[in-house]
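Structure data follow from model.txt (compact mmCIF, C-alpha atoms):
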```txt
# COMPACT_ATOMS: atom_id res chain seq x y z
CA MET C 338 -10.56 -8.43 -4.35
CA PRO C 339 -13.31 -5.80 -4.43
CA GLU C 340 -12.29 -2.60 -2.67
CA LEU C 341 -13.72 0.90 -2.79
CA PRO C 342 -13.07 1.55 -6.52
CA GLU C 343 -14.60 -1.77 -7.59
CA VAL C 344 -17.71 -1.29 -5.45
CA GLU C 345 -18.03 2.33 -6.60
CA ALA C 346 -17.86 1.17 -10.23
CA ALA C 347 -20.74 -1.23 -9.52
CA ARG C 348 -22.75 1.51 -7.83
CA ARG C 349 -22.30 3.85 -10.79
CA ALA C 350 -23.30 1.15 -13.26
CA ILE C 351 -26.54 0.60 -11.31
CA GLU C 352 -27.26 4.33 -11.16
CA GLU C 353 -26.66 4.74 -14.88
CA ASN C 354 -28.81 1.79 -15.93
CA CYS C 355 -31.37 0.86 -13.28
CA LEU C 356 -32.85 3.93 -11.59
CA GLY C 357 -36.56 4.54 -11.92
CA LYS C 358 -37.19 0.96 -13.02
CA LYS C 359 -39.55 -1.48 -11.31
CA ILE C 360 -38.54 -4.95 -10.15
CA LYS C 361 -40.80 -7.46 -11.90
CA ARG C 362 -38.94 -10.72 -11.15
CA VAL C 363 -36.69 -11.80 -8.26
CA ILE C 364 -34.59 -14.93 -7.62
CA ILE C 365 -32.77 -15.20 -4.28
CA ALA C 366 -30.38 -18.11 -3.79
CA ASP C 367 -31.08 -20.68 -1.10
CA ASP C 368 -27.68 -20.12 0.50
CA THR C 369 -27.80 -19.28 4.20
CA LYS C 370 -24.08 -18.51 4.29
CA VAL C 371 -24.55 -15.56 1.94
CA ILE C 372 -28.24 -14.67 2.29
CA ASP C 373 -28.17 -13.44 5.86
CA GLY C 374 -31.09 -13.57 8.28
CA ILE C 375 -34.03 -14.01 5.92
CA LEU C 376 -35.69 -16.78 3.90
CA PRO C 377 -35.30 -16.46 0.12
CA SER C 378 -39.09 -16.41 -0.35
CA ASP C 379 -39.53 -13.58 2.18
CA PHE C 380 -36.71 -11.63 0.52
CA GLU C 381 -38.33 -12.04 -2.90
CA ASN C 382 -41.78 -10.99 -1.75
CA SER C 383 -40.40 -7.92 0.06
CA ILE C 384 -38.86 -6.27 -3.02
CA LEU C 385 -41.05 -7.52 -5.88
CA GLY C 386 -42.87 -4.65 -7.58
CA LYS C 387 -40.73 -1.94 -6.00
CA THR C 388 -38.80 0.72 -7.88
CA ILE C 389 -35.04 1.34 -7.61
CA VAL C 390 -34.57 4.94 -6.50
CA SER C 391 -30.80 5.09 -5.98
CA ALA C 392 -27.66 3.04 -5.34
CA ARG C 393 -25.69 3.94 -2.22
CA ARG C 394 -22.23 2.95 -0.99
CA LYS C 395 -20.06 3.29 2.08
CA GLY C 396 -16.64 1.70 2.16
CA LYS C 397 -16.92 -1.71 0.50
CA ASN C 398 -20.67 -1.99 1.12
CA LEU C 399 -23.45 -1.24 -1.37
CA TRP C 400 -27.21 -1.04 -1.00
CA LEU C 401 -30.16 -0.36 -3.28
CA GLU C 402 -32.57 2.31 -2.11
CA LEU C 403 -36.09 1.39 -3.22
CA ASP C 404 -39.27 3.49 -3.18
CA SER C 405 -39.97 2.04 0.28
CA PRO C 406 -37.96 -0.05 2.78
CA PRO C 407 -36.58 -2.62 3.34
CA PHE C 408 -33.54 -2.31 1.08
CA PRO C 409 -31.18 -4.99 -0.36
CA SER C 410 -27.66 -4.57 1.06
CA PHE C 411 -24.45 -6.16 -0.25
CA GLN C 412 -21.21 -6.76 1.64
CA PHE C 413 -18.87 -7.86 -1.16
CA GLY C 414 -16.44 -10.01 0.84
CA MET C 415 -13.65 -11.54 -1.23
CA ALA C 416 -15.34 -12.13 -4.56
CA GLY C 417 -18.75 -10.44 -4.60
CA ALA C 418 -19.59 -8.76 -7.91
CA ILE C 419 -22.42 -6.91 -9.64
CA TYR C 420 -23.33 -7.95 -13.19
CA ILE C 421 -25.84 -6.18 -15.45
CA LYS C 422 -26.69 -8.14 -18.58
CA GLY C 423 -25.42 -6.32 -21.63
CA VAL C 424 -23.58 -3.67 -19.57
CA ALA C 425 -19.83 -3.63 -18.98
CA VAL C 426 -19.07 -3.58 -15.25
CA THR C 427 -15.54 -3.87 -13.89
CA LYS C 428 -14.46 -7.47 -13.38
CA TYR C 429 -11.72 -8.66 -11.07
CA LYS C 430 -9.86 -11.92 -11.08
CA ARG C 431 -11.52 -13.81 -8.26
CA SER C 432 -15.06 -12.93 -9.21
CA ALA C 433 -15.03 -13.01 -13.00
CA VAL C 434 -17.95 -14.86 -14.56
CA LYS C 435 -17.43 -15.64 -18.25
CA ASP C 436 -19.90 -14.29 -20.77
CA THR C 437 -20.27 -17.82 -22.13
CA GLU C 438 -21.57 -19.14 -18.80
CA GLU C 439 -25.26 -19.61 -18.08
CA TRP C 440 -27.31 -16.55 -17.13
CA PRO C 441 -28.03 -15.90 -14.38
CA SER C 442 -24.77 -17.47 -13.28
CA LYS C 443 -24.80 -20.52 -11.05
CA TYR C 444 -22.94 -18.26 -8.59
CA SER C 445 -25.78 -15.73 -8.51
CA LYS C 446 -27.11 -14.97 -5.02
CA PHE C 447 -29.41 -12.09 -5.93
CA PHE C 448 -31.10 -11.69 -9.31
CA VAL C 449 -33.71 -9.18 -10.45
CA GLU C 450 -35.36 -8.49 -13.78
CA LEU C 451 -36.60 -4.93 -14.26
CA ASP C 452 -39.71 -3.78 -16.09
CA ASP C 453 -37.77 -2.86 -19.25
CA GLY C 454 -36.18 -6.32 -19.43
CA LEU C 455 -32.81 -5.31 -17.94
CA GLU C 456 -31.39 -7.97 -15.62
CA LEU C 457 -29.05 -7.46 -12.64
CA SER C 458 -27.25 -10.10 -10.61
CA PHE C 459 -24.99 -10.17 -7.56
CA THR C 460 -22.64 -13.17 -7.75
CA ASP C 461 -20.22 -14.65 -5.26
CA LYS C 462 -17.94 -17.54 -6.19
CA ARG C 463 -16.22 -17.73 -2.81
CA ARG C 464 -19.32 -17.38 -0.61
CA PHE C 465 -17.77 -14.86 1.80
CA ALA C 466 -20.17 -12.08 0.81
CA LYS C 467 -23.34 -11.18 2.71
CA VAL C 468 -26.65 -10.16 1.16
CA ARG C 469 -29.16 -8.70 3.61
CA LEU C 470 -32.57 -7.02 3.55
CA LEU C 471 -32.52 -4.04 5.90
CA ALA C 472 -34.93 -1.27 6.85
CA ASN C 473 -32.04 1.16 7.35
CA PRO C 474 -28.63 -0.21 6.25
CA THR C 475 -26.67 2.68 7.80
CA SER C 476 -28.05 2.03 11.29
CA VAL C 477 -26.86 -1.57 11.66
CA ARG C 478 -23.62 -3.47 11.36
CA PRO C 479 -21.40 -3.50 9.44
CA ILE C 480 -22.15 -0.09 7.90
CA SER C 481 -22.93 1.58 11.25
CA GLU C 482 -19.43 0.76 12.50
CA LEU C 483 -17.49 2.01 9.49
CA GLY C 484 -15.13 4.95 9.66
CA PRO C 485 -15.34 7.85 7.20
CA ASP C 486 -15.47 6.78 3.56
CA ALA C 487 -12.08 7.32 1.94
CA LEU C 488 -13.64 8.89 -1.16
CA LEU C 489 -16.81 10.61 0.05
CA GLU C 490 -15.79 11.70 3.56
CA PRO C 491 -12.02 12.27 3.48
CA MET C 492 -10.33 13.66 6.58
CA THR C 493 -8.43 16.91 6.27
CA VAL C 494 -4.67 16.48 6.39
CA GLU C 495 -4.68 17.98 9.91
CA GLU C 496 -7.34 15.53 11.12
CA PHE C 497 -5.49 12.66 9.49
CA ALA C 498 -2.15 13.52 11.12
CA GLU C 499 -3.79 14.02 14.50
CA SER C 500 -5.52 10.65 14.25
CA LEU C 501 -2.32 8.84 13.24
CA ALA C 502 -0.46 10.39 16.17
CA LYS C 503 -2.78 8.52 18.56
CA LYS C 504 -2.28 5.11 16.97
CA LYS C 505 0.44 2.89 18.39
CA ILE C 506 0.01 0.13 15.82
CA THR C 507 1.80 -0.29 12.50
CA ILE C 508 0.47 1.67 9.56
CA LYS C 509 -0.59 -1.12 7.16
CA PRO C 510 -3.01 -2.86 9.59
CA LEU C 511 -4.38 0.56 10.55
CA LEU C 512 -5.21 1.38 6.94
CA LEU C 513 -7.01 -1.97 6.65
CA ASP C 514 -9.12 -1.18 9.71
CA GLN C 515 -12.52 -0.23 8.28
CA GLY C 516 -13.37 1.52 11.53
CA PHE C 517 -10.50 3.95 10.93
CA VAL C 518 -11.14 4.70 7.26
CA SER C 519 -13.57 2.66 5.18
CA GLY C 520 -12.91 1.41 1.67
CA ILE C 521 -9.18 0.73 1.79
CA GLY C 522 -8.26 -2.91 1.25
CA ASN C 523 -5.04 -4.79 0.70
CA TRP C 524 -4.02 -3.58 -2.74
CA ILE C 525 -4.88 0.06 -2.05
CA ALA C 526 -2.98 0.01 1.25
CA ASP C 527 0.13 -1.35 -0.48
CA GLU C 528 -0.18 1.21 -3.27
CA VAL C 529 -0.63 4.29 -1.09
CA LEU C 530 2.24 3.28 1.20
CA TYR C 531 4.50 2.72 -1.80
CA GLN C 532 3.56 6.05 -3.36
CA ALA C 533 4.17 7.79 -0.02
CA ARG C 534 7.46 5.88 0.49
CA ILE C 535 6.40 4.56 3.90
CA HIS C 536 7.32 1.12 5.23
CA PRO C 537 4.21 -1.01 5.98
CA LEU C 538 5.50 -1.84 9.47
CA GLN C 539 6.29 1.72 10.52
CA THR C 540 4.33 2.60 13.66
CA ALA C 541 1.57 5.06 12.78
CA SER C 542 2.28 7.43 15.67
CA SER C 543 5.94 7.72 14.63
CA LEU C 544 5.21 9.17 11.18
CA SER C 545 6.55 12.65 10.60
CA LYS C 546 4.37 15.55 9.50
CA GLU C 547 5.78 15.20 5.98
CA GLN C 548 4.99 11.47 5.90
CA CYS C 549 1.43 12.08 7.09
CA GLU C 550 0.94 14.65 4.35
CA ALA C 551 2.43 12.33 1.72
CA LEU C 552 0.19 9.45 2.80
CA HIS C 553 -2.90 11.66 2.87
CA THR C 554 -2.13 12.80 -0.67
CA SER C 555 -1.44 9.30 -1.98
CA ILE C 556 -4.72 7.94 -0.56
CA LYS C 557 -6.63 10.71 -2.33
CA GLU C 558 -4.80 10.34 -5.64
CA VAL C 559 -4.81 6.53 -5.82
CA ILE C 560 -8.50 6.19 -4.99
CA GLU C 561 -9.59 9.04 -7.27
CA LYS C 562 -7.58 7.61 -10.19
CA ALA C 563 -8.93 4.08 -9.68
CA VAL C 564 -12.50 5.40 -9.50
CA GLU C 565 -11.96 7.62 -12.55
CA VAL C 566 -11.20 4.55 -14.71
CA ASP C 567 -14.02 2.49 -13.14
CA ALA C 568 -11.46 0.25 -11.39
CA ASP C 569 -10.15 -1.01 -14.74
CA SER C 570 -6.66 -2.06 -13.66
CA SER C 571 -5.35 -1.99 -17.24
CA GLN C 572 -5.71 1.78 -17.05
CA PHE C 573 -3.86 2.20 -13.74
CA PRO C 574 -0.61 4.22 -14.06
CA SER C 575 2.37 2.09 -15.11
CA ASN C 576 4.41 3.22 -12.09
CA TRP C 577 1.97 1.64 -9.63
CA ILE C 578 3.17 -1.32 -7.61
CA PHE C 579 -0.25 -2.87 -8.32
CA HIS C 580 0.86 -4.33 -11.64
CA ASP C 581 3.60 -6.48 -10.09
CA ARG C 582 2.41 -7.16 -6.55
CA GLU C 583 1.13 -10.64 -7.36
CA LYS C 584 4.28 -11.88 -9.05
CA LYS C 585 6.53 -14.37 -7.29
CA PRO C 586 9.29 -13.10 -5.00
CA GLY C 587 12.44 -12.42 -6.99
CA LYS C 588 10.46 -11.72 -10.14
CA ALA C 589 8.56 -8.65 -8.99
CA PHE C 590 9.93 -5.21 -9.85
CA VAL C 591 8.51 -1.70 -10.18
CA ASP C 592 10.48 0.98 -12.02
CA GLY C 593 13.45 -1.40 -11.95
CA LYS C 594 13.40 -1.73 -8.16
CA LYS C 595 12.82 -5.04 -6.40
CA ILE C 596 9.52 -5.71 -4.64
CA ASP C 597 9.68 -7.77 -1.44
CA PHE C 598 6.82 -9.50 0.34
CA ILE C 599 6.20 -9.59 4.07
CA THR C 600 3.16 -10.16 6.27
CA ALA C 601 1.48 -7.18 7.92
CA GLY C 602 -1.82 -7.42 9.74
CA GLY C 603 -2.16 -11.03 8.57
CA ARG C 604 -2.04 -10.01 4.90
CA THR C 605 0.57 -10.42 2.23
CA THR C 606 2.20 -7.05 1.77
CA ALA C 607 4.23 -5.84 -1.21
CA TYR C 608 6.76 -3.06 -0.71
CA VAL C 609 10.05 -1.77 -2.12
CA PRO C 610 12.82 -1.95 0.53
CA GLU C 611 15.02 0.49 -1.39
CA LEU C 612 12.39 3.22 -1.11
CA GLN C 613 10.29 2.25 1.92
CA LYS C 614 12.59 2.16 4.92
CA LEU C 615 11.86 1.83 8.62
CA SER C 616 13.01 4.65 10.85
CA GLY C 617 13.53 5.35 14.55
CA LYS C 618 12.66 2.62 17.05
CA ASP C 619 11.04 0.51 14.35
CA ALA C 620 14.35 0.40 12.48
CA GLU C 621 16.21 -0.50 15.69
CA LYS C 622 13.86 -3.37 16.38
CA ALA C 623 14.13 -4.68 12.83
CA ALA C 624 17.93 -4.61 13.06
CA LYS C 625 17.80 -7.14 15.91
CA VAL C 626 15.86 -9.69 13.87
CA ARG C 627 17.90 -12.57 12.49
CA PRO C 628 18.69 -11.89 8.81
CA GLY C 629 17.46 -15.37 7.90
CA LYS C 630 14.05 -14.67 9.35
CA ARG C 631 13.41 -11.14 8.13
CA GLY C 632 11.22 -10.96 5.05
CA VAL C 633 10.14 -14.60 5.21
CA LYS C 634 7.59 -15.29 2.52
CA SER C 635 4.15 -16.09 3.87
CA LYS C 636 2.44 -19.35 2.98
CA GLU C 637 0.20 -18.37 0.11
CA ASP C 638 -0.94 -19.17 -3.42
CA ASP C 639 1.98 -17.81 -5.40
CA GLY C 640 4.03 -16.28 -2.65
CA GLY C 641 2.87 -12.89 -3.87
CA GLY C 642 -0.90 -13.20 -3.94
CA GLU C 643 -3.36 -12.10 -1.31
CA VAL C 644 -4.46 -14.33 1.52
CA ASP C 645 -8.08 -15.01 2.32
CA GLU C 646 -9.61 -12.34 4.48
CA GLN C 647 -10.84 -15.00 6.89
CA GLU C 648 -7.47 -16.73 7.05
CA SER C 649 -4.97 -15.61 9.66
CA GLU C 650 -1.23 -15.89 9.21
CA LYS C 651 0.32 -18.38 11.65
CA GLU C 652 3.96 -18.21 12.64
CA ASP C 653 5.79 -21.50 12.90
CA GLU C 654 6.79 -21.86 16.54
CA SER C 655 7.35 -25.60 16.46
CA ALA C 656 11.06 -25.17 17.16
CA ILE C 657 10.51 -22.98 20.21
CA PRO C 658 9.84 -24.85 23.47
CA LYS C 659 7.33 -23.54 25.95
CA LYS C 660 8.34 -22.75 29.52
CA GLY C 661 9.21 -25.90 31.40
CA GLN C 662 9.51 -27.98 28.24
CA LYS C 663 12.69 -29.38 26.77
CA PRO C 664 13.61 -28.47 23.21
CA ARG C 665 13.14 -31.17 20.63
CA GLY C 666 16.25 -33.12 19.88
CA VAL C 667 17.44 -36.54 18.76
CA ARG C 668 15.39 -39.30 20.32
CA GLY C 669 16.94 -41.90 22.56
CA LYS C 670 19.75 -39.72 23.93
CA LYS C 671 19.98 -38.83 27.60
CA PRO C 672 20.37 -35.19 28.49
CA ALA C 673 23.85 -34.14 29.50
CA PRO C 674 24.19 -33.11 33.16
CA LYS C 675 25.05 -29.57 32.13
CA THR C 676 24.18 -28.04 28.78
CA LYS C 677 23.79 -24.53 27.56
CA THR C 678 22.11 -23.70 24.31
CA GLU C 679 23.10 -20.67 22.38
CA GLU C 680 21.41 -17.42 23.23
CA SER C 681 18.59 -16.61 20.87
CA ASP C 682 18.01 -13.12 19.62
CA GLU C 683 14.97 -14.20 17.66
CA GLU C 684 12.21 -11.62 17.64
CA ASP C 685 8.90 -11.29 15.93
CA ASP C 686 9.61 -9.70 12.60
CA ASP C 687 6.08 -8.40 12.29
CA ALA C 688 6.06 -5.19 14.30
CA ASP C 689 2.30 -5.32 14.43
CA ALA C 690 2.13 -8.66 16.22
CA ASP C 691 2.55 -9.12 19.94
CA GLY C 692 6.07 -9.97 20.97
CA GLY C 693 7.00 -13.40 22.24
CA ASP C 694 7.98 -14.26 25.79
CA ASP C 695 11.36 -12.62 26.31
CA SER C 696 11.63 -13.44 30.00
CA GLU C 697 14.38 -15.80 31.11
CA ALA C 698 13.41 -19.23 32.37
CA GLU C 699 14.20 -19.94 36.01
CA GLU C 700 16.97 -22.41 36.77
CA LYS C 701 15.43 -25.85 37.31
CA VAL C 702 16.57 -29.06 38.98
CA VAL C 703 16.52 -31.81 36.37
CA LYS C 704 16.84 -35.52 37.20
CA THR C 705 18.87 -37.57 34.75
CA ARG C 706 17.19 -40.54 33.11
CA GLY C 707 18.28 -44.20 33.12
CA ARG C 708 18.78 -46.95 35.63
CA GLY C 709 20.30 -46.49 39.02
CA ARG C 710 20.06 -43.61 41.34
CA LYS C 711 22.03 -40.54 40.53
CA PRO C 712 21.94 -37.28 42.41
CA ALA C 713 19.97 -34.45 40.88
CA VAL C 714 22.14 -31.92 39.17
CA LYS C 715 21.49 -28.31 38.45
CA ARG C 716 21.03 -27.48 34.87
CA LYS C 717 20.96 -24.03 33.30
CA PRO C 718 17.74 -23.19 31.53
CA GLU C 719 17.48 -24.00 27.88
CA GLU C 720 16.93 -20.86 25.88
CA LYS C 721 14.89 -20.80 22.72
CA PRO C 722 16.94 -22.65 20.08
CA THR C 723 17.41 -21.06 16.73
CA SER C 724 17.69 -24.37 14.90
CA GLN C 725 14.99 -25.81 12.71
CA VAL C 726 12.69 -28.57 13.89
CA GLY C 727 14.48 -31.89 14.25
CA LYS C 728 17.98 -30.33 14.24
CA LYS C 729 20.00 -29.98 17.39
CA PRO C 730 21.72 -26.61 18.04
CA LYS C 731 25.46 -26.76 17.65
CA GLY C 732 26.30 -23.87 19.92
CA ARG C 733 26.89 -21.31 17.16
CA LYS C 734 26.48 -17.77 18.44
CA SER C 735 23.81 -15.69 16.69
```
Using C-alpha cells, write down the structure from this file.
Amino acid sequence: MPELPEVEAARRAIEENCLGKKIKRVIIADDTKVIDGILPSDFENSILGKTIVSARRKGKNLWLELDSPPFPSFQFGMAGAIYIKGVAVTKYKRSAVKDTEEWPSKYSKFFVELDDGLELSFTDKRRFAKVRLLANPTSVRPISELGPDALLEPMTVEEFAESLAKKKITIKPLLLDQGFVSGIGNWIADEVLYQARIHPLQTASSLSKEQCEALHTSIKEVIEKAVEVDADSSQFPSNWIFHDREKKPGKAFVDGKKIDFITAGGRTTAYVPELQKLSGKDAEKAAKVRPGKRGVKSKEDDGGGEVDEQESEKEDESAIPKKGQKPRGVRGKKPAPKTKTEESDEEDDDADADGGDDSEAEEKVVKTRGRGRKPAVKRKPEEKPTSQVGKKPKGRKS
C-alpha cells in the first residue's frame, strides 16, 4: 500500500518531469466514489491551460500546485498511484498497471497531457482513493488534520518522548494515527517497531527513555532509506522484516528468527516474539490470556497480508453468551437444576481493544422446562464458556 515513501517518490517524479509545463488536455473519470465533490467537466475546465508550478506532499497526500488555484489533490487510499508515460515511477503490488495495458489505463481517474506531449495519470484499481479540486488543500480535511510529516517535520527526540508519555494506547495503533504523525502506514509501523525491538502492543506511555530514543531513530532511518531508493523495495536492506511480512505464518523468518502475526489497531501486524517482548503491566496482562488464543491469526488473504483499510477486524464472540442468556449447548436437553461452568480467564488479547465485560452475573432464579409443575430452583450463573461454538464445556479448569 502507498505510504510516505511511495507518495514521495511520485512527488519527486512529477517535480523532475512536469514542472513549468502547461496542461493542454484533461480527462477526469466519471467516478463519484473517487472524484470527490465536483463534476468531471467542471474539474477539466478548471485546470485546462494552467501550468504546473510544483508538487507538494504531506503524509500520504499529494497535490499539484498550479499557476493559480484551484489545485488537484490526491489521497492515495489503498492502491492510488501516479504514472508518467515513459518515466519509471515506483510501483507497488496492489496498484501495478502493466506496461502492456491500454494507455491511459482503464483504472485512470485523472489524466493530463502536457504541452510537450508528456502524459501523467493517477490510477486507482481499488477505488478507495480520493481526487479533489481545492483552492487551498492544506486548509481542509484531510490535510488540515494531519500531524507533523514524518520526513519533513520530524519531532525532536525530546518532543517525541514527551508525546508518547501522554498516550495510554498501544504503540502500533498510535503510529498509524495520521493525526499523531503523518505518513506512517502499516508496513512502516511494523518495520520501525521491529528495528527498535518494541512489541506492537506495548502501551505507548510505558516506553522507557531508551525505547523512545530507539523508536525515534528507527522512524528516521527507515523512512529516509525508503525515500532514498524511491520506495523500490528490492533495494530495502536485507535485514528488514518487510521482505517476509507477507509470508504465511510458520514460513516467515527474518535473520533466522520466526515472525508471528497478530492484530493491532485492526491491522495485521508482523513482529518477532524473540526480540520484541512485552514488559511491565502489558506483559502481566498477556500472561493471563489463554495460550490457545494468544497470537490467533487474523482472517485475511494469506494470513500474513494486510487487511483493507476500511475493513475492521471482528473478534468471534459467538461462543460467549450475553448477560441473561444461556450458553449454546446441545438442543433438546433440559437444563440441570444446578450446573456450574468452568471459570473463564479469557481476556482480549489485543491490548489496544476495549476489554470485555468482566463483571460477574447475578444469581438468577431459573424455572425448569417440561410438563408438570416443579418448584423454581436457584441456579448459579453461567460464566463465559471457553468451549467452541456447538461444544458443551466439560468442566475442565483453565
Next item on the list: Would you mind reading off the distance between atom CA of Thr475 of chain C and atom CA of Ile375 of chain C, one decimal, in Å?
Entry: 18.3 Å
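With atom CA of Lys562 of chain C on one side and atom CA of Thr600 of chain C on the other, the separation reads 26.5 Å.
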Check: In Å to one decimal, how far is atom CA of Ser458 of chain C from atom CA of Ile372 of chain C?
Finding: 13.7 Å
Check: Which one of C:Ile578, C:Ile419, C:Leu530, C:Ala347 sits closest to Leu511 of chain C if you count only C-alpha atoms?
Finding: C:Leu530
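Using all atoms listed in the file, the nearest neighbour of Gln548 of chain C within the list C:Ala533, C:Leu615, C:Val591, C:Val564 is C:Ala533.
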Next item on the list: Tell me, as a PyMOL selection string, which residues lie within 8 Å of Arg394 of chain C, counting only C-alpha atoms; anything in the same chain fewer than 2 positions away does not count.
Entry: chain C and resi 344-345+348+392+396-400
Checklist line | Distance query Ser383 of chain C at most 10 Å, all atoms listed in the file, self and fewer than 5 positions along chain excluded, as a count of residues only | finding: 9
Notebook entry, point to check: For Gln412 of chain C, which of C:Ala466, C:Leu512, C:Leu376, C:Ile480 is the closest residue, counting only C-alpha atoms?
Noted result: C:Ala466
Notebook entry, point to check: In file coordinates, which residues lie within 12 Å of (11.0, -7.1, -6.1) using only C-alpha atoms, given as an MDAnalysis selection string?
Noted result: chainID C and resid 578 580:599 606:612 632 641
Next item on the list: Extract, using only C-alpha atoms, all DNA, RNA and protein residues at most 8 Å from Gly357 of chain C, discarding same-chain residues fewer than 4 positions from it, and format them as a PyMOL selection string.
Entry: chain C and resi 388-390
Margin query: So that I can see what lies close to Lys546 of chain C, please list as an NGL selection string the residues with an atom at most 10 Å from it, counting all atoms listed in the file and leaving out residues fewer than 3 positions away in the same chain.
Written below: :C and (494-495 or 498-499 or 502 or 543 or 549-552)
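Distances from C:Val468, C:Val566, C:Leu451, C:Val477 to Asp368 of chain C were compared using all atoms listed in the file, and the smallest one belongs to C:Val468.
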Check: Residues at most 7 Å from Val518 of chain C, counting only C-alpha atoms, excluding those fewer than 6 positions away in the same chain, as an MDAnalysis selection string?
Finding: chainID C and resid 484:487 512
Next item on the list: Return the single residue from C:Ile525, C:Val371, C:Leu455, C:Ile384 that is closest to Val424 of chain C, with distances computed using all atoms listed in the file.
Entry: C:Leu455
